[in-house]
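These notes concern the structure reproduced below.
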Amino acid sequence: MTTRVPAETQKSLAFYTLIVIVTTLFINLLSAYIRHIDAGLDCQPWPQCYAQVGEQVQAEDSGKIAQQALAPIDGVKKTHRAVASFLVFAVLFLIHQSRKPNALKGANPTLPYLLLAVIILLAIIGPASYLKTLPIIALLNLAGGVTLLAIAWWLYLQLAHQSLRTHDAPVWINRLWMVALAITIVQILLGAWVSANFAADACRELLACNAAGEYLKTGSSGFGYLRELNLDETGRIIFDSSSVSIHLTHRLFSLLTGSILIASAVALYKYHKRLALIVIALLSIQAFAGLISILLSVPLMVVMIHNLNATLLLIAVMTVNFKLGPAQ
C-alpha cells in the first residue's frame with residue numbers, strides 16, 4: 001500500500017499538469033485571435049485596413065490606454081483575462097501539489113517553478129501590449145505563451161509517460177531530432193516576428209513577391225529586436241523592405257524546417273512508425289495552411305489554424321525527443 005501512494009500522487013500531478021496545458025493552449029489561441037483582429041485580418045477594405053493601429057498607439061493619455069488594455073471591454077478579451085486568472089491559480093496549485101513526497105519522482109523539480117516564472121514575466125509584459133509599434137513586445141508575449149506550453153508539456157511527459165522512453169533507435173537519430181527541435185523553435189519565432197511586424201501581407205504571391213514592390217521604399221533592417229515601427233499620416237504601419245525580408249525569411253526557412261522534419265521522420269519511421277506519421281501529418285497541415293493563407297490573402301481562420309498547428313507540431317517534435325532521450 002505504501003508503494004502505491006507515490007504513484008497515485010504522481011498520477012494526480014500529471015492530471016493537474018494536463019489542466020495547465022489545456023488552459024495554456026486555450027489562452028494562447030485567444031491571444032492569437034485578439035492580436036490578429038487588432039492587426040486587421042479579415043478587415044474591409046483589404047489590405048488597406050491592415051495594420052491600421054494608429055488609434056491604438058497614439059493617445060493623449062498613455063495611462064488611459066494602459067488601463068483599457070488591462071480592462072478590455074469585449075467578450076473575447078474578458079474571457080482572456082478570466083482564463084489567465086485561472087491559469088495562475090492552476091500553476092500555483094500545481095506547485096503546491098508538487099511539494100508532496102515523491103510527487104516529482106523521475107521529473108525535473110524546477111519545472112513547476114519555471115511555469116510560475118514565465119507567468120510572472122508575461123504579467124509584467126502584458127500591460128505594454130498596446131504598444132503595437134514595438135515588435136519586441138508582441139514577440140515576447142508570443143514566445144512566452146509557447147514557452148509556457150512547452151514547459152508544461154515536458155513536465156507532463158516526465159510525470160505520465162516515462163514508459164515512452166526507448167533506446168532502440170541509433171544515437172544519430174536522436175541527434176537529428178534535437179536539430180529538428182531547434183529548427184522548429186526558430187521557425188515558430190520567425191512566424192511570431194512576422195506577426196509582430198505586421199508583415200503577413202508583405203508578399204502576396206506564392207512563387208514570387210512582385211506585389212511587394214510597393215513596400216520597397218526604404219532599406220531598413222527587419223531583424224533589429226529593438227526596432228520601432230513607423231506610422232503614416234493615417235495611423236497605418238509603414239511597410240518597407242524590412243516587411244518583405246521578414247516575410248520571405250519566414251517563408252524560406254519553412255523550406256529548411258520542412259526538409260529537416262521530413263528527413264527526421266523518415267529516419268524515425270523504422271523505429272517509431274506512429275510518431276513519424278503524426279509529425280508528417282502535422283507538417284502537411286502546416287504547409288497546406290501556409291499555402292492557403294498566401295493564396296487567399298491571409299484569411300483569419302486559416303492563420304489561426306496555422307498558429308494552432310505550429311504549436312501541435314512543436315509538441316509532437318518535443319515528444320519524439322522525449323522518447324529518444326535518456327532517462328531522467
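Labels for the C-alpha cells follow display order: chains A, B, ..., residues from 1 in each chain, ligands from 1.
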Near Thr234 in chain A, counting only C-alpha atoms, which residues have an atom at most 12 Å away, once you skip same-chain residues fewer than 2 positions from it, shown as a ChimeraX atom specification? /A:48-55,58,230-232,236-238
Backbone DSSP call of alpha helix (DSSP H) for range 104-215 of chain A, listed as an NGL selection string: :A and (111-125 or 135-160 or 171-196)
I need the residues from that last selection saved to file as a PDB file, in the first residue's frame (with C-alpha atoms), if you can.
ATOM      1  CA  LEU A 111       9.717  22.846 -13.997  1.00  0.00           C
ATOM      2  CA  PRO A 112       6.668  23.897 -11.899  1.00  0.00           C
ATOM      3  CA  TYR A 113       8.601  26.929 -10.683  1.00  0.00           C
ATOM      4  CA  LEU A 114       9.683  27.740 -14.235  1.00  0.00           C
ATOM      5  CA  LEU A 115       5.986  27.832 -15.166  1.00  0.00           C
ATOM      6  CA  LEU A 116       5.394  30.423 -12.464  1.00  0.00           C
ATOM      7  CA  ALA A 117       8.435  32.451 -13.571  1.00  0.00           C
ATOM      8  CA  VAL A 118       7.153  32.621 -17.165  1.00  0.00           C
ATOM      9  CA  ILE A 119       3.695  33.675 -15.959  1.00  0.00           C
ATOM     10  CA  ILE A 120       5.242  36.476 -13.888  1.00  0.00           C
ATOM     11  CA  LEU A 121       7.219  37.674 -16.913  1.00  0.00           C
ATOM     12  CA  LEU A 122       4.091  37.617 -19.076  1.00  0.00           C
ATOM     13  CA  ALA A 123       2.208  39.573 -16.403  1.00  0.00           C
ATOM     14  CA  ILE A 124       4.939  42.228 -16.499  1.00  0.00           C
ATOM     15  CA  ILE A 125       4.923  42.417 -20.296  1.00  0.00           C
ATOM     16  CA  PRO A 135       7.540  44.325 -32.221  1.00  0.00           C
ATOM     17  CA  ILE A 136       9.652  43.055 -29.329  1.00  0.00           C
ATOM     18  CA  ILE A 137       6.630  43.323 -27.001  1.00  0.00           C
ATOM     19  CA  ALA A 138       4.483  41.109 -29.224  1.00  0.00           C
ATOM     20  CA  LEU A 139       7.368  38.691 -29.745  1.00  0.00           C
ATOM     21  CA  LEU A 140       7.929  38.291 -26.008  1.00  0.00           C
ATOM     22  CA  ASN A 141       4.213  37.687 -25.457  1.00  0.00           C
ATOM     23  CA  LEU A 142       4.058  35.082 -28.212  1.00  0.00           C
ATOM     24  CA  ALA A 143       7.289  33.365 -27.176  1.00  0.00           C
ATOM     25  CA  GLY A 144       6.215  33.407 -23.529  1.00  0.00           C
ATOM     26  CA  GLY A 145       2.938  31.663 -24.294  1.00  0.00           C
ATOM     27  CA  VAL A 146       4.667  28.952 -26.337  1.00  0.00           C
ATOM     28  CA  THR A 147       7.370  28.532 -23.682  1.00  0.00           C
ATOM     29  CA  LEU A 148       4.719  28.094 -21.006  1.00  0.00           C
ATOM     30  CA  LEU A 149       3.046  25.357 -23.031  1.00  0.00           C
ATOM     31  CA  ALA A 150       6.352  23.640 -23.819  1.00  0.00           C
ATOM     32  CA  ILE A 151       7.436  23.530 -20.163  1.00  0.00           C
ATOM     33  CA  ALA A 152       4.065  22.153 -19.067  1.00  0.00           C
ATOM     34  CA  TRP A 153       4.119  19.501 -21.809  1.00  0.00           C
ATOM     35  CA  TRP A 154       7.645  18.384 -20.903  1.00  0.00           C
ATOM     36  CA  LEU A 155       6.619  18.081 -17.261  1.00  0.00           C
ATOM     37  CA  TYR A 156       3.555  16.076 -18.260  1.00  0.00           C
ATOM     38  CA  LEU A 157       5.682  13.674 -20.315  1.00  0.00           C
ATOM     39  CA  GLN A 158       8.025  13.166 -17.370  1.00  0.00           C
ATOM     40  CA  LEU A 159       5.144  12.507 -14.998  1.00  0.00           C
ATOM     41  CA  ALA A 160       2.866  10.343 -17.120  1.00  0.00           C
ATOM     42  CA  VAL A 171      22.127   7.811 -31.422  1.00  0.00           C
ATOM     43  CA  TRP A 172      22.371   9.731 -34.696  1.00  0.00           C
ATOM     44  CA  ILE A 173      18.584   9.745 -34.990  1.00  0.00           C
ATOM     45  CA  ASN A 174      18.331  11.216 -31.512  1.00  0.00           C
ATOM     46  CA  ARG A 175      20.763  13.972 -32.529  1.00  0.00           C
ATOM     47  CA  LEU A 176      18.892  14.578 -35.766  1.00  0.00           C
ATOM     48  CA  TRP A 177      15.676  15.139 -33.841  1.00  0.00           C
ATOM     49  CA  MET A 178      17.429  17.514 -31.457  1.00  0.00           C
ATOM     50  CA  VAL A 179      18.365  19.576 -34.513  1.00  0.00           C
ATOM     51  CA  ALA A 180      14.783  19.293 -35.766  1.00  0.00           C
ATOM     52  CA  LEU A 181      13.517  20.659 -32.441  1.00  0.00           C
ATOM     53  CA  ALA A 182      15.889  23.624 -32.557  1.00  0.00           C
ATOM     54  CA  ILE A 183      14.919  24.400 -36.168  1.00  0.00           C
ATOM     55  CA  THR A 184      11.214  24.161 -35.327  1.00  0.00           C
ATOM     56  CA  ILE A 185      11.612  26.610 -32.444  1.00  0.00           C
ATOM     57  CA  VAL A 186      13.439  29.090 -34.684  1.00  0.00           C
ATOM     58  CA  GLN A 187      10.715  28.821 -37.330  1.00  0.00           C
ATOM     59  CA  ILE A 188       7.990  29.477 -34.765  1.00  0.00           C
ATOM     60  CA  LEU A 189       9.884  32.553 -33.543  1.00  0.00           C
ATOM     61  CA  LEU A 190      10.201  33.763 -37.139  1.00  0.00           C
ATOM     62  CA  GLY A 191       6.443  33.353 -37.542  1.00  0.00           C
ATOM     63  CA  ALA A 192       5.939  35.368 -34.366  1.00  0.00           C
ATOM     64  CA  TRP A 193       8.236  38.064 -35.752  1.00  0.00           C
ATOM     65  CA  VAL A 194       6.142  38.215 -38.942  1.00  0.00           C
ATOM     66  CA  SER A 195       3.028  38.793 -36.845  1.00  0.00           C
ATOM     67  CA  ALA A 196       4.728  41.322 -34.561  1.00  0.00           C
TER      68      ALA A 196
END
Write out as a VMD selection string each polymer residue whose atoms come within 10 Å of Leu30 in chain A, counting only C-alpha atoms; drop sequence neighbours fewer than 5 positions from it. chain A and resid 24 to 25 35 to 36 76 to 77 79 to 81 83 304
Which neighbours of Val298 in chain A fall inside 8 Å, counting only C-alpha atoms, when residues of the same chain fewer than 2 positions from it are skipped, and could you give them as a list in words?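 Surrounding residues, per the criterion: Leu41, Asp42, Ala200, Asp201, Ile292, Ser293, Ile294, Leu295, Leu296, Leu300, Val302 and Val303 of chain A.
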Go ahead and save the picked residues with N, CA and C atoms, as a compact mmCIF listing (two decimals), in the first residue's frame.
# COMPACT_ATOMS: atom_id res chain seq x y z
N LEU A 41 -6.71 41.60 -39.63
CA LEU A 41 -7.01 40.47 -40.52
C LEU A 41 -8.52 40.34 -40.70
N ASP A 42 -8.93 40.08 -41.92
CA ASP A 42 -10.35 39.96 -42.30
C ASP A 42 -11.09 41.30 -42.26
N ALA A 200 2.50 39.99 -42.55
CA ALA A 200 1.79 38.85 -43.14
C ALA A 200 1.40 39.09 -44.59
N ASP A 201 1.15 40.34 -44.95
CA ASP A 201 0.70 40.66 -46.31
C ASP A 201 1.81 41.27 -47.16
N ILE A 292 -2.51 28.13 -48.40
CA ILE A 292 -3.85 28.71 -48.49
C ILE A 292 -3.85 30.15 -47.98
N SER A 293 -3.08 30.40 -46.94
CA SER A 293 -3.00 31.75 -46.39
C SER A 293 -2.49 32.73 -47.43
N ILE A 294 -1.50 32.31 -48.21
CA ILE A 294 -0.95 33.18 -49.25
C ILE A 294 -1.95 33.35 -50.39
N LEU A 295 -2.52 32.24 -50.84
CA LEU A 295 -3.42 32.28 -52.00
C LEU A 295 -4.71 33.05 -51.72
N LEU A 296 -5.19 33.01 -50.47
CA LEU A 296 -6.46 33.66 -50.14
C LEU A 296 -6.26 34.97 -49.39
N LEU A 300 -8.38 35.09 -41.70
CA LEU A 300 -8.18 34.97 -40.26
C LEU A 300 -8.20 33.52 -39.79
N VAL A 302 -7.72 30.71 -41.34
CA VAL A 302 -6.59 29.91 -41.83
C VAL A 302 -5.33 30.25 -41.03
N VAL A 303 -5.14 31.52 -40.73
CA VAL A 303 -4.00 31.93 -39.91
C VAL A 303 -4.09 31.33 -38.52
Near Ile285 in chain A, counting only C-alpha atoms, which residues have an atom at most 9 Å away, once you skip same-chain residues fewer than 3 positions from it, shown as a PDB file with C-alpha atoms, in the first residue's frame?
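part35.pdb written:
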ATOM      1  CA  ILE A 280       4.365  14.125 -41.229  1.00  0.00           C
ATOM      2  CA  ALA A 281       0.617  14.738 -40.903  1.00  0.00           C
ATOM      3  CA  LEU A 282       1.071  17.909 -38.833  1.00  0.00           C
ATOM      4  CA  PHE A 288      -1.195  23.474 -46.639  1.00  0.00           C
ATOM      5  CA  ALA A 289      -2.396  26.198 -44.251  1.00  0.00           C
ATOM      6  CA  GLY A 290       0.576  28.356 -45.211  1.00  0.00           C
ATOM      7  CA  ILE A 305      -5.211  27.077 -37.869  1.00  0.00           C
ATOM      8  CA  HIS A 306      -1.630  27.795 -38.936  1.00  0.00           C
ATOM      9  CA  ASN A 309      -0.908  23.578 -35.812  1.00  0.00           C
TER      10      ASN A 309
END
Separation of CA of His250 in chain A from CA of Leu226 in chain A, in Å and rounded to one decimal: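 One can read the CA of His250 in chain A to CA of Leu226 in chain A distance as 19.0 Å.
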Distance in Å - CA of Leu87 in chain A versus CA of Val20 in chain A: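 Atom-to-atom, CA of Leu87 in chain A and CA of Val20 in chain A are spaced 6.5 Å apart.
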